[in-house]
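Peer 1: Following this line is structure-v8.cif, made up of mmCIF, C-alpha atoms and all ligand atoms; chains and numbers go by the auth columns:
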```cif
data_query
#
loop_
_atom_site.group_PDB
_atom_site.id
_atom_site.type_symbol
_atom_site.label_atom_id
_atom_site.label_comp_id
_atom_site.label_asym_id
_atom_site.label_seq_id
_atom_site.Cartn_x
_atom_site.Cartn_y
_atom_site.Cartn_z
_atom_site.B_iso_or_equiv
_atom_site.auth_seq_id
_atom_site.auth_asym_id
ATOM 1 C CA MET A 1 33.394 122.811 34.035 0.00 26 A
ATOM 2 C CA SER A 2 30.638 123.866 31.723 0.00 27 A
ATOM 3 C CA ARG A 3 31.288 125.598 28.453 0.00 28 A
ATOM 4 C CA GLN A 4 28.974 128.239 27.066 0.00 29 A
ATOM 5 C CA LYS A 5 26.323 126.879 24.656 0.00 30 A
ATOM 6 C CA PHE A 6 25.665 128.655 21.381 0.00 31 A
ATOM 7 C CA VAL A 7 23.164 128.582 18.562 0.00 32 A
ATOM 8 C CA ALA A 8 24.172 130.900 15.746 0.00 33 A
ATOM 9 C CA GLY A 9 22.185 131.615 12.586 0.00 34 A
ATOM 10 C CA ASN A 10 24.082 132.486 9.416 0.00 35 A
ATOM 11 C CA TRP A 11 21.561 134.155 7.110 0.00 36 A
ATOM 12 C CA LYS A 12 24.058 134.433 4.215 0.00 37 A
ATOM 13 C CA LEU A 13 22.668 136.514 1.307 0.00 38 A
ATOM 14 C CA ASN A 14 19.052 136.356 2.503 0.00 39 A
ATOM 15 C CA LYS A 15 16.452 138.740 3.989 0.00 40 A
ATOM 16 C CA THR A 16 15.621 142.369 3.380 0.00 41 A
ATOM 17 C CA LEU A 17 15.203 144.708 6.349 0.00 42 A
ATOM 18 C CA SER A 18 11.476 144.067 6.820 0.00 43 A
ATOM 19 C CA GLU A 19 11.910 140.297 6.347 0.00 44 A
ATOM 20 C CA GLY A 20 14.776 140.242 8.819 0.00 45 A
ATOM 21 C CA GLN A 21 12.865 142.239 11.412 0.00 46 A
ATOM 22 C CA GLU A 22 9.878 139.937 11.070 0.00 47 A
ATOM 23 C CA LEU A 23 12.055 136.836 11.464 0.00 48 A
ATOM 24 C CA VAL A 24 13.764 138.192 14.578 0.00 49 A
ATOM 25 C CA SER A 25 10.487 139.342 16.138 0.00 50 A
ATOM 26 C CA THR A 26 8.966 135.888 15.644 0.00 51 A
ATOM 27 C CA ILE A 27 12.058 134.223 17.111 0.00 52 A
ATOM 28 C CA LEU A 28 11.909 136.520 20.159 0.00 53 A
ATOM 29 C CA GLU A 29 8.196 135.793 20.700 0.00 54 A
ATOM 30 C CA ASN A 30 8.835 132.063 20.667 0.00 55 A
ATOM 31 C CA LEU A 31 11.978 131.826 22.764 0.00 56 A
ATOM 32 C CA GLY A 32 11.765 129.914 25.992 0.00 57 A
ATOM 33 C CA ASP A 33 13.734 130.566 29.123 0.00 58 A
ATOM 34 C CA ASP A 34 17.213 129.172 28.531 0.00 59 A
ATOM 35 C CA SER A 35 20.840 130.068 28.970 0.00 60 A
ATOM 36 C CA VAL A 36 21.892 129.387 25.372 0.00 61 A
ATOM 37 C CA THR A 37 23.726 132.282 23.700 0.00 62 A
ATOM 38 C CA LYS A 38 21.889 133.087 20.475 0.00 63 A
ATOM 39 C CA ILE A 39 23.526 135.002 17.663 0.00 64 A
ATOM 40 C CA ILE A 40 22.123 135.995 14.309 0.00 65 A
ATOM 41 C CA PHE A 41 24.424 136.847 11.416 0.00 66 A
ATOM 42 C CA PRO A 42 22.355 138.935 8.980 0.00 67 A
ATOM 43 C CA PRO A 43 23.757 140.748 5.932 0.00 68 A
ATOM 44 C CA SER A 44 25.864 143.601 7.307 0.00 69 A
ATOM 45 C CA VAL A 45 23.540 146.356 6.106 0.00 70 A
ATOM 46 C CA LEU A 46 20.848 145.068 8.511 0.00 71 A
ATOM 47 C CA ILE A 47 23.052 144.789 11.599 0.00 72 A
ATOM 48 C CA SER A 48 22.476 148.235 13.031 0.00 73 A
ATOM 49 C CA SER A 49 18.706 147.977 12.892 0.00 74 A
ATOM 50 C CA LEU A 50 18.571 144.403 14.228 0.00 75 A
ATOM 51 C CA VAL A 51 20.840 145.323 17.141 0.00 76 A
ATOM 52 C CA ASN A 52 17.961 147.562 18.283 0.00 77 A
ATOM 53 C CA THR A 53 15.383 144.819 17.709 0.00 78 A
ATOM 54 C CA VAL A 54 17.221 142.385 20.028 0.00 79 A
ATOM 55 C CA ALA A 55 18.415 145.003 22.531 0.00 80 A
ATOM 56 C CA SER A 56 16.188 143.897 25.401 0.00 81 A
ATOM 57 C CA ALA A 57 16.399 140.144 24.721 0.00 82 A
ATOM 58 C CA GLU A 58 18.615 138.082 27.021 0.00 83 A
ATOM 59 C CA HIS A 59 21.638 136.200 25.681 0.00 84 A
ATOM 60 C CA PHE A 60 20.814 137.421 22.160 0.00 85 A
ATOM 61 C CA PHE A 61 23.389 139.103 19.925 0.00 86 A
ATOM 62 C CA VAL A 62 23.916 140.250 16.367 0.00 87 A
ATOM 63 C CA GLY A 63 27.060 139.345 14.440 0.00 88 A
ATOM 64 C CA ALA A 64 28.585 140.005 11.030 0.00 89 A
ATOM 65 C CA GLN A 65 29.257 137.386 8.351 0.00 90 A
ATOM 66 C CA ASN A 66 32.578 138.960 7.446 0.00 91 A
ATOM 67 C CA CYS A 67 34.872 141.891 8.138 0.00 92 A
ATOM 68 C CA SER A 68 37.723 143.469 6.239 0.00 93 A
ATOM 69 C CA GLU A 69 41.292 142.323 6.750 0.00 94 A
ATOM 70 C CA HIS A 70 42.206 146.035 6.593 0.00 95 A
ATOM 71 C CA GLU A 71 41.785 148.582 9.325 0.00 96 A
ATOM 72 C CA SER A 72 40.591 151.466 7.117 0.00 97 A
ATOM 73 C CA GLY A 73 41.408 153.244 3.882 0.00 98 A
ATOM 74 C CA ALA A 74 40.829 152.899 0.152 0.00 99 A
ATOM 75 C CA PHE A 75 39.104 149.508 0.060 0.00 100 A
ATOM 76 C CA THR A 76 35.808 150.146 -1.699 0.00 101 A
ATOM 77 C CA GLY A 77 32.917 148.022 -0.498 0.00 102 A
ATOM 78 C CA GLU A 78 34.599 146.741 2.637 0.00 103 A
ATOM 79 C CA VAL A 79 33.322 146.947 6.226 0.00 104 A
ATOM 80 C CA SER A 80 35.857 147.127 9.041 0.00 105 A
ATOM 81 C CA ALA A 81 35.828 145.462 12.438 0.00 106 A
ATOM 82 C CA ALA A 82 35.772 148.897 14.097 0.00 107 A
ATOM 83 C CA MET A 83 32.688 149.917 12.076 0.00 108 A
ATOM 84 C CA LEU A 84 30.892 146.722 13.066 0.00 109 A
ATOM 85 C CA SER A 85 31.741 147.236 16.685 0.00 110 A
ATOM 86 C CA SER A 86 30.553 150.853 16.551 0.00 111 A
ATOM 87 C CA VAL A 87 26.981 149.807 15.648 0.00 112 A
ATOM 88 C CA GLY A 88 26.635 147.234 18.429 0.00 113 A
ATOM 89 C CA CYS A 89 27.744 144.139 16.548 0.00 114 A
ATOM 90 C CA LYS A 90 29.308 141.657 19.006 0.00 115 A
ATOM 91 C CA PHE A 91 30.508 138.709 16.895 0.00 116 A
ATOM 92 C CA VAL A 92 31.986 138.068 13.479 0.00 117 A
ATOM 93 C CA LEU A 93 32.289 134.933 11.351 0.00 118 A
ATOM 94 C CA VAL A 94 35.728 134.421 9.847 0.00 119 A
ATOM 95 C CA GLY A 95 36.889 131.746 7.428 0.00 120 A
ATOM 96 C CA HIS A 96 33.469 130.475 6.356 0.00 121 A
ATOM 97 C CA SER A 97 33.922 127.969 3.539 0.00 122 A
ATOM 98 C CA GLU A 98 31.943 130.196 1.160 0.00 123 A
ATOM 99 C CA ARG A 99 34.380 133.031 1.888 0.00 124 A
ATOM 100 C CA ARG A 100 37.279 130.627 1.295 0.00 125 A
ATOM 101 C CA GLN A 101 35.782 129.185 -1.895 0.00 126 A
ATOM 102 C CA TYR A 102 34.297 132.266 -3.599 0.00 127 A
ATOM 103 C CA PHE A 103 36.344 135.132 -2.162 0.00 128 A
ATOM 104 C CA GLY A 104 39.802 133.614 -1.785 0.00 129 A
ATOM 105 C CA GLU A 105 39.942 133.818 2.009 0.00 130 A
ATOM 106 C CA THR A 106 43.070 131.950 3.108 0.00 131 A
ATOM 107 C CA ASN A 107 44.176 130.992 6.605 0.00 132 A
ATOM 108 C CA SER A 108 46.530 133.950 6.618 0.00 133 A
ATOM 109 C CA ILE A 109 43.787 136.419 5.610 0.00 134 A
ATOM 110 C CA ALA A 110 41.549 134.838 8.241 0.00 135 A
ATOM 111 C CA SER A 111 44.270 135.412 10.800 0.00 136 A
ATOM 112 C CA LYS A 112 44.437 139.132 9.944 0.00 137 A
ATOM 113 C CA LYS A 113 40.652 139.449 10.213 0.00 138 A
ATOM 114 C CA ILE A 114 40.572 137.647 13.558 0.00 139 A
ATOM 115 C CA LYS A 115 43.273 139.911 14.917 0.00 140 A
ATOM 116 C CA LEU A 116 41.414 143.087 13.914 0.00 141 A
ATOM 117 C CA ALA A 117 38.111 141.692 15.188 0.00 142 A
ATOM 118 C CA LEU A 118 39.582 140.910 18.609 0.00 143 A
ATOM 119 C CA GLN A 119 41.266 144.311 18.804 0.00 144 A
ATOM 120 C CA ASN A 120 37.843 145.868 18.255 0.00 145 A
ATOM 121 C CA ASN A 121 36.101 143.824 20.940 0.00 146 A
ATOM 122 C CA LEU A 122 34.325 141.469 18.586 0.00 147 A
ATOM 123 C CA LYS A 123 34.163 137.800 19.463 0.00 148 A
ATOM 124 C CA VAL A 124 35.079 135.536 16.570 0.00 149 A
ATOM 125 C CA ILE A 125 33.506 132.360 15.280 0.00 150 A
ATOM 126 C CA TYR A 126 36.304 130.890 13.187 0.00 151 A
ATOM 127 C CA CYS A 127 35.011 128.342 10.658 0.00 152 A
ATOM 128 C CA VAL A 128 37.029 125.322 9.623 0.00 153 A
ATOM 129 C CA GLY A 129 36.216 122.154 7.720 0.00 154 A
ATOM 130 C CA GLU A 130 37.406 119.795 5.030 0.00 155 A
ATOM 131 C CA ARG A 131 36.179 119.286 1.482 0.00 156 A
ATOM 132 C CA LEU A 132 34.728 115.966 0.380 0.00 157 A
ATOM 133 C CA THR A 133 37.876 114.879 -1.466 0.00 158 A
ATOM 134 C CA GLU A 134 39.929 115.614 1.631 0.00 159 A
ATOM 135 C CA ARG A 135 37.671 113.411 3.762 0.00 160 A
ATOM 136 C CA LYS A 136 37.685 110.660 1.145 0.00 161 A
ATOM 137 C CA THR A 137 41.474 110.670 1.102 0.00 162 A
ATOM 138 C CA ASN A 138 41.617 110.703 4.895 0.00 163 A
ATOM 139 C CA LYS A 139 43.185 114.156 5.091 0.00 164 A
ATOM 140 C CA HIS A 140 40.356 115.791 7.061 0.00 165 A
ATOM 141 C CA LEU A 141 42.096 115.837 10.445 0.00 166 A
ATOM 142 C CA GLU A 142 45.263 117.334 8.979 0.00 167 A
ATOM 143 C CA VAL A 143 43.373 119.976 6.961 0.00 168 A
ATOM 144 C CA VAL A 144 41.496 121.222 10.007 0.00 169 A
ATOM 145 C CA LYS A 145 44.662 121.210 12.116 0.00 170 A
ATOM 146 C CA THR A 146 46.374 123.421 9.527 0.00 171 A
ATOM 147 C CA GLN A 147 43.385 125.781 9.292 0.00 172 A
ATOM 148 C CA ILE A 148 43.447 126.275 13.064 0.00 173 A
ATOM 149 C CA THR A 149 47.212 126.463 13.453 0.00 174 A
ATOM 150 C CA GLU A 150 47.831 128.932 10.608 0.00 175 A
ATOM 151 C CA ALA A 151 45.024 131.280 11.619 0.00 176 A
ATOM 152 C CA LEU A 152 45.239 131.211 15.403 0.00 177 A
ATOM 153 C CA GLN A 153 48.766 130.380 16.512 0.00 178 A
ATOM 154 C CA SER A 154 49.933 133.963 16.983 0.00 179 A
ATOM 155 C CA LEU A 155 46.702 135.178 18.633 0.00 180 A
ATOM 156 C CA ASP A 156 45.057 135.181 22.033 0.00 181 A
ATOM 157 C CA PRO A 157 42.283 132.589 21.673 0.00 182 A
ATOM 158 C CA ALA A 158 40.212 133.760 24.672 0.00 183 A
ATOM 159 C CA ASN A 159 37.415 135.252 22.562 0.00 184 A
ATOM 160 C CA VAL A 160 37.502 132.751 19.733 0.00 185 A
ATOM 161 C CA ILE A 161 34.886 130.063 19.154 0.00 186 A
ATOM 162 C CA ILE A 162 35.501 127.436 16.503 0.00 187 A
ATOM 163 C CA ALA A 163 32.817 126.121 14.160 0.00 188 A
ATOM 164 C CA TYR A 164 33.526 122.818 12.450 0.00 189 A
ATOM 165 C CA GLU A 165 31.673 122.837 9.146 0.00 190 A
ATOM 166 C CA PRO A 166 32.541 120.024 6.747 0.00 191 A
ATOM 167 C CA VAL A 167 32.179 121.626 3.315 0.00 192 A
ATOM 168 C CA TRP A 168 30.333 118.569 1.970 0.00 193 A
ATOM 169 C CA ALA A 169 27.613 119.080 4.596 0.00 194 A
ATOM 170 C CA ILE A 170 26.967 122.801 4.052 0.00 195 A
ATOM 171 C CA GLY A 171 23.633 123.417 2.354 0.00 196 A
ATOM 172 C CA THR A 172 23.557 119.872 1.014 0.00 197 A
ATOM 173 C CA GLY A 173 21.123 118.263 3.451 0.00 198 A
ATOM 174 C CA GLU A 174 23.880 115.775 4.234 0.00 199 A
ATOM 175 C CA THR A 175 24.970 116.059 7.860 0.00 200 A
ATOM 176 C CA ALA A 176 28.070 114.633 9.481 0.00 201 A
ATOM 177 C CA THR A 177 27.087 111.726 11.696 0.00 202 A
ATOM 178 C CA PRO A 178 27.378 112.433 15.415 0.00 203 A
ATOM 179 C CA ALA A 179 30.388 110.070 15.438 0.00 204 A
ATOM 180 C CA GLN A 180 32.141 111.952 12.614 0.00 205 A
ATOM 181 C CA ALA A 181 31.383 115.318 14.223 0.00 206 A
ATOM 182 C CA GLN A 182 32.484 114.186 17.686 0.00 207 A
ATOM 183 C CA GLU A 183 35.728 112.732 16.318 0.00 208 A
ATOM 184 C CA MET A 184 36.590 116.054 14.692 0.00 209 A
ATOM 185 C CA HIS A 185 35.580 118.139 17.703 0.00 210 A
ATOM 186 C CA ALA A 186 37.772 116.018 19.982 0.00 211 A
ATOM 187 C CA HIS A 187 40.591 116.445 17.446 0.00 212 A
ATOM 188 C CA ILE A 188 40.086 120.242 17.452 0.00 213 A
ATOM 189 C CA ARG A 189 40.342 120.235 21.229 0.00 214 A
ATOM 190 C CA SER A 190 43.633 118.347 21.024 0.00 215 A
ATOM 191 C CA VAL A 191 44.949 120.820 18.431 0.00 216 A
ATOM 192 C CA LEU A 192 43.984 123.684 20.776 0.00 217 A
ATOM 193 C CA GLU A 193 45.660 121.911 23.672 0.00 218 A
ATOM 194 C CA ASN A 194 48.909 121.631 21.737 0.00 219 A
ATOM 195 C CA LEU A 195 48.807 125.288 20.760 0.00 220 A
ATOM 196 C CA PHE A 196 47.470 126.935 23.906 0.00 221 A
ATOM 197 C CA GLY A 197 47.334 124.400 26.732 0.00 222 A
ATOM 198 C CA ALA A 198 44.698 122.306 28.444 0.00 223 A
ATOM 199 C CA ASP A 199 42.639 125.155 29.939 0.00 224 A
ATOM 200 C CA VAL A 200 42.050 126.884 26.622 0.00 225 A
ATOM 201 C CA ALA A 201 41.196 123.543 25.018 0.00 226 A
ATOM 202 C CA ALA A 202 38.677 122.739 27.729 0.00 227 A
ATOM 203 C CA ASN A 203 37.083 126.199 27.786 0.00 228 A
ATOM 204 C CA THR A 204 36.731 126.932 24.067 0.00 229 A
ATOM 205 C CA SER A 205 33.222 126.425 22.716 0.00 230 A
ATOM 206 C CA LEU A 206 33.133 124.314 19.554 0.00 231 A
ATOM 207 C CA LEU A 207 30.107 124.456 17.259 0.00 232 A
ATOM 208 C CA TYR A 208 29.001 122.063 14.551 0.00 233 A
ATOM 209 C CA GLY A 209 27.677 123.421 11.240 0.00 234 A
ATOM 210 C CA GLY A 210 26.509 121.803 8.025 0.00 235 A
ATOM 211 C CA SER A 211 22.831 120.945 7.486 0.00 236 A
ATOM 212 C CA CYS A 212 22.167 121.072 11.201 0.00 237 A
ATOM 213 C CA ASN A 213 18.400 121.325 11.663 0.00 238 A
ATOM 214 C CA ALA A 214 15.501 120.872 14.071 0.00 239 A
ATOM 215 C CA GLN A 215 15.545 117.106 13.488 0.00 240 A
ATOM 216 C CA ASN A 216 19.234 116.313 13.988 0.00 241 A
ATOM 217 C CA ALA A 217 20.373 119.028 16.424 0.00 242 A
ATOM 218 C CA LYS A 218 19.597 117.020 19.552 0.00 243 A
ATOM 219 C CA GLU A 219 21.857 114.091 18.762 0.00 244 A
ATOM 220 C CA LEU A 220 24.660 116.366 17.565 0.00 245 A
ATOM 221 C CA PHE A 221 24.468 118.634 20.637 0.00 246 A
ATOM 222 C CA ALA A 222 24.499 115.547 22.884 0.00 247 A
ATOM 223 C CA CYS A 223 28.095 114.789 21.800 0.00 248 A
ATOM 224 C CA ALA A 224 30.670 115.464 24.519 0.00 249 A
ATOM 225 C CA ASP A 225 32.699 118.042 22.572 0.00 250 A
ATOM 226 C CA ILE A 226 29.895 119.821 20.684 0.00 251 A
ATOM 227 C CA ASP A 227 28.728 123.027 22.356 0.00 252 A
ATOM 228 C CA GLY A 228 26.123 124.155 19.856 0.00 253 A
ATOM 229 C CA GLY A 229 25.587 124.860 16.204 0.00 254 A
ATOM 230 C CA LEU A 230 26.174 127.284 13.358 0.00 255 A
ATOM 231 C CA ILE A 231 22.987 127.061 11.345 0.00 256 A
ATOM 232 C CA GLY A 232 22.461 128.201 7.749 0.00 257 A
ATOM 233 C CA GLY A 233 19.228 127.236 5.990 0.00 258 A
ATOM 234 C CA ALA A 234 17.307 126.283 9.136 0.00 259 A
ATOM 235 C CA SER A 235 18.057 129.658 10.752 0.00 260 A
ATOM 236 C CA LEU A 236 15.839 131.386 8.180 0.00 261 A
ATOM 237 C CA LYS A 237 12.692 129.899 9.714 0.00 262 A
ATOM 238 C CA ALA A 238 11.779 131.077 13.209 0.00 263 A
ATOM 239 C CA ASP A 239 10.177 127.804 14.201 0.00 264 A
ATOM 240 C CA ASP A 240 13.192 125.690 13.199 0.00 265 A
ATOM 241 C CA PHE A 241 15.680 128.090 14.789 0.00 266 A
ATOM 242 C CA CYS A 242 13.753 128.047 18.083 0.00 267 A
ATOM 243 C CA LYS A 243 13.540 124.242 18.039 0.00 268 A
ATOM 244 C CA ILE A 244 17.304 124.047 17.548 0.00 269 A
ATOM 245 C CA ILE A 245 17.808 126.362 20.537 0.00 270 A
ATOM 246 C CA GLN A 246 15.745 123.924 22.595 0.00 271 A
ATOM 247 C CA SER A 247 17.854 120.935 21.495 0.00 272 A
ATOM 248 C CA PHE A 248 20.351 120.875 24.371 0.00 273 A
HETATM 249 P P1 LIG B . 23.627 125.034 6.328 0.00 1 B
HETATM 250 O O1 LIG B . 24.770 126.143 6.404 0.00 1 B
HETATM 251 O O2 LIG B . 23.073 124.870 7.725 0.00 1 B
HETATM 252 O O3 LIG B . 22.600 125.602 5.384 0.00 1 B
HETATM 253 O O4 LIG B . 24.240 123.778 5.834 0.00 1 B
HETATM 254 C C1 LIG B . 25.650 126.199 7.491 0.00 1 B
HETATM 255 C C2 LIG B . 26.657 127.301 7.287 0.00 1 B
HETATM 256 O O5 LIG B . 27.068 127.542 6.138 0.00 1 B
HETATM 257 O O6 LIG B . 27.081 127.959 8.245 0.00 1 B
#
```
Go ahead and express the file in the form of structure tokens.
Peer 2:
Amino acid sequence: MSRQKFVAGNWKLNKTLSEGQELVSTILENLGDDSVTKIIFPPSVLISSLVNTVASAEHFFVGAQNCSEHESGAFTGEVSAAMLSSVGCKFVLVGHSERRQYFGETNSIASKKIKLALQNNLKVIYCVGERLTERKTNKHLEVVKTQITEALQSLDPANVIIAYEPVWAIGTGETATPAQAQEMHAHIRSVLENLFGADVAANTSLLYGGSCNAQNAKELFACADIDGGLIGGASLKADDFCKIIQSF
């Protein structure tokens, strides 16, 4: 069986409208012919416009970096899953370590967001990963198991992708070795198997994130349980993003 391959670019708090349009146009001009699913995650205010920019491109989607845990109501500044869906957004990131660290996103909040996202026809990339102290004290496998179990156990996982992003590798230039990444991805598959059975475990795409770039993507994507990448810094440069897409 062959799982879907993904390269996703998380722009974080970067790019104005004109900068974002220019980046996407350059990416589209330089894409080869491949079956990789590409997703860009721009700041939410740009989503609607960039959905139009990528409309005729194949296997190319726009996602949101976050959505509200609430359906609607008096929650100033929030953007709901239904609103995202209504402007042509197809994916949403949930549980990114920056959301966990700076905005207090817990596994239980992540679970609420995932539920609303799925109800509104968004596919979810759920981010998990241990902090450096947790790896150093050999708790990394347990931490990731808990993140997955607490957020996903009561949900239908059919439209969920998991991104393993060790916190110590995000934006640091330090990447997990292929062996470390593969060990964790195999572990995630076994956690999924325990929760949902062998088919779900075998069919769920698992992405690696954390200083993944044009130089190291090939050896990471060659690992048996890695189905692509969630890319931060290197997704802001068209040339690097395109090279990563060609790394399978
Ligand atoms: P990075 O970010 O590639 O810049 O390390 C990855 C992410 O945060 O998703």
Peer 1: With a distance cut-off of 10 Å and all atoms listed in the file, select the neighbouring residues of Tyr151 of chain A, excluding the residue or stretch itself and same-chain residues fewer than 2 positions from it, and output the selection as a list in words.
Peer 2: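 Near neighbours after the sequence-gap exclusion: Val117, Leu118, Val119, Gly120, His121, Ala135, Ser136, Ile139, Lys148, Val149, Val153, Gln172, Ile173, Ala176, Leu177, Val185, Ile186, Ile187, Ala188, Tyr189, Leu231 and Leu232 of chain A.
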Peer 1: To one decimal in Å, tell me the separation between atom CA of Glu190 of chain A and atom CA of Gly154 of chain A.
Peer 2: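 Here the two named atoms are 4.8 Å from each other.
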Peer 1: Can you tell me, as JSON, numbers by chain, what residues are no more than 12 Å from Phe273 of chain A when counting only C-alpha atoms, ignoring any on the same chain fewer than 4 positions away?
Peer 2: {"A": [29, 30, 31, 32, 59, 60, 61, 62, 239, 241, 242, 243, 244, 245, 246, 247, 248, 249, 251, 252, 253, 254, 267, 268, 269]}
Peer 1: Identify all residues satisfying the PyMOL selection byres (((not hetatm)) within 7 of (chain B and resi 1)) in the given file; provide them as a compact mmCIF listing (two decimals) with C-alpha atoms, keeping the file's coordinate frame.
Peer 2:
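In the end it all went to out_6.txt:
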```
# COMPACT_ATOMS: atom_id res chain seq x y z
CA ASN A 35 24.08 132.49 9.42
CA GLU A 190 31.67 122.84 9.15
CA ALA A 194 27.61 119.08 4.60
CA ILE A 195 26.97 122.80 4.05
CA GLY A 196 23.63 123.42 2.35
CA THR A 197 23.56 119.87 1.01
CA GLY A 198 21.12 118.26 3.45
CA GLY A 234 27.68 123.42 11.24
CA GLY A 235 26.51 121.80 8.02
CA SER A 236 22.83 120.94 7.49
CA CYS A 237 22.17 121.07 11.20
CA LEU A 255 26.17 127.28 13.36
CA ILE A 256 22.99 127.06 11.34
CA GLY A 257 22.46 128.20 7.75
CA GLY A 258 19.23 127.24 5.99
CA ALA A 259 17.31 126.28 9.14
```
Peer 1: The centre and edge lengths of an axis-aligned box containing all atoms of segment 187-192 of chain A present in the file, extended by 6 Å on each side, are to be given in Å to one decimal, as AutoDock Vina command-line options.
Peer 2:
```
--center_x 33.6 --center_y 123.7 --center_z 9.9 --size_x 15.8 --size_y 19.4 --size_z 25.2
```
Peer 1: At a cut-off of 8 Å, using only C-alpha atoms, what residues contact Phe266 of chain A? Leave out same-chain residues fewer than 3 positions from it and give the result as an mmCIF file with C-alpha atoms, in the frame of the given file.
Peer 2:
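Output saved as part.cif:
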```
data_model
loop_
_atom_site.group_PDB
_atom_site.id
_atom_site.type_symbol
_atom_site.label_atom_id
_atom_site.label_comp_id
_atom_site.auth_asym_id
_atom_site.auth_seq_id
_atom_site.Cartn_x
_atom_site.Cartn_y
_atom_site.Cartn_z
ATOM 1 C CA GLY A 34 22.185 131.615 12.586
ATOM 2 C CA ILE A 52 12.058 134.223 17.111
ATOM 3 C CA ASN A 238 18.400 121.325 11.663
ATOM 4 C CA ALA A 239 15.501 120.872 14.071
ATOM 5 C CA ALA A 259 17.307 126.283 9.136
ATOM 6 C CA SER A 260 18.057 129.658 10.752
ATOM 7 C CA LEU A 261 15.839 131.386 8.180
ATOM 8 C CA LYS A 262 12.692 129.899 9.714
ATOM 9 C CA ALA A 263 11.779 131.077 13.209
ATOM 10 C CA ILE A 269 17.304 124.047 17.548
ATOM 11 C CA ILE A 270 17.808 126.362 20.537
#
```
Peer 1: Any idea what the distance is between atom CA of Gln207 of chain A and atom CA of Phe221 of chain A?
Peer 2: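 For atom CA of Gln207 of chain A relative to atom CA of Phe221 of chain A, the distance reads 20.6 Å.
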Peer 1: Expand the PyMOL selection byres (((chain A and resi 40-47) around 8) and not hetatm) into the individual residues it matches in the shown file, reporting them as a compact mmCIF listing (two decimals) with C-alpha atoms, in the coordinates of the input.
Peer 2:
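Final output, selection15.txt:
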```txt
# COMPACT_ATOMS: atom_id res chain seq x y z
CA TRP A 36 21.56 134.16 7.11
CA LEU A 38 22.67 136.51 1.31
CA ASN A 39 19.05 136.36 2.50
CA LEU A 48 12.06 136.84 11.46
CA VAL A 49 13.76 138.19 14.58
CA SER A 50 10.49 139.34 16.14
CA THR A 51 8.97 135.89 15.64
CA PRO A 67 22.36 138.94 8.98
CA PRO A 68 23.76 140.75 5.93
CA LEU A 71 20.85 145.07 8.51
CA LEU A 75 18.57 144.40 14.23
CA THR A 78 15.38 144.82 17.71
```
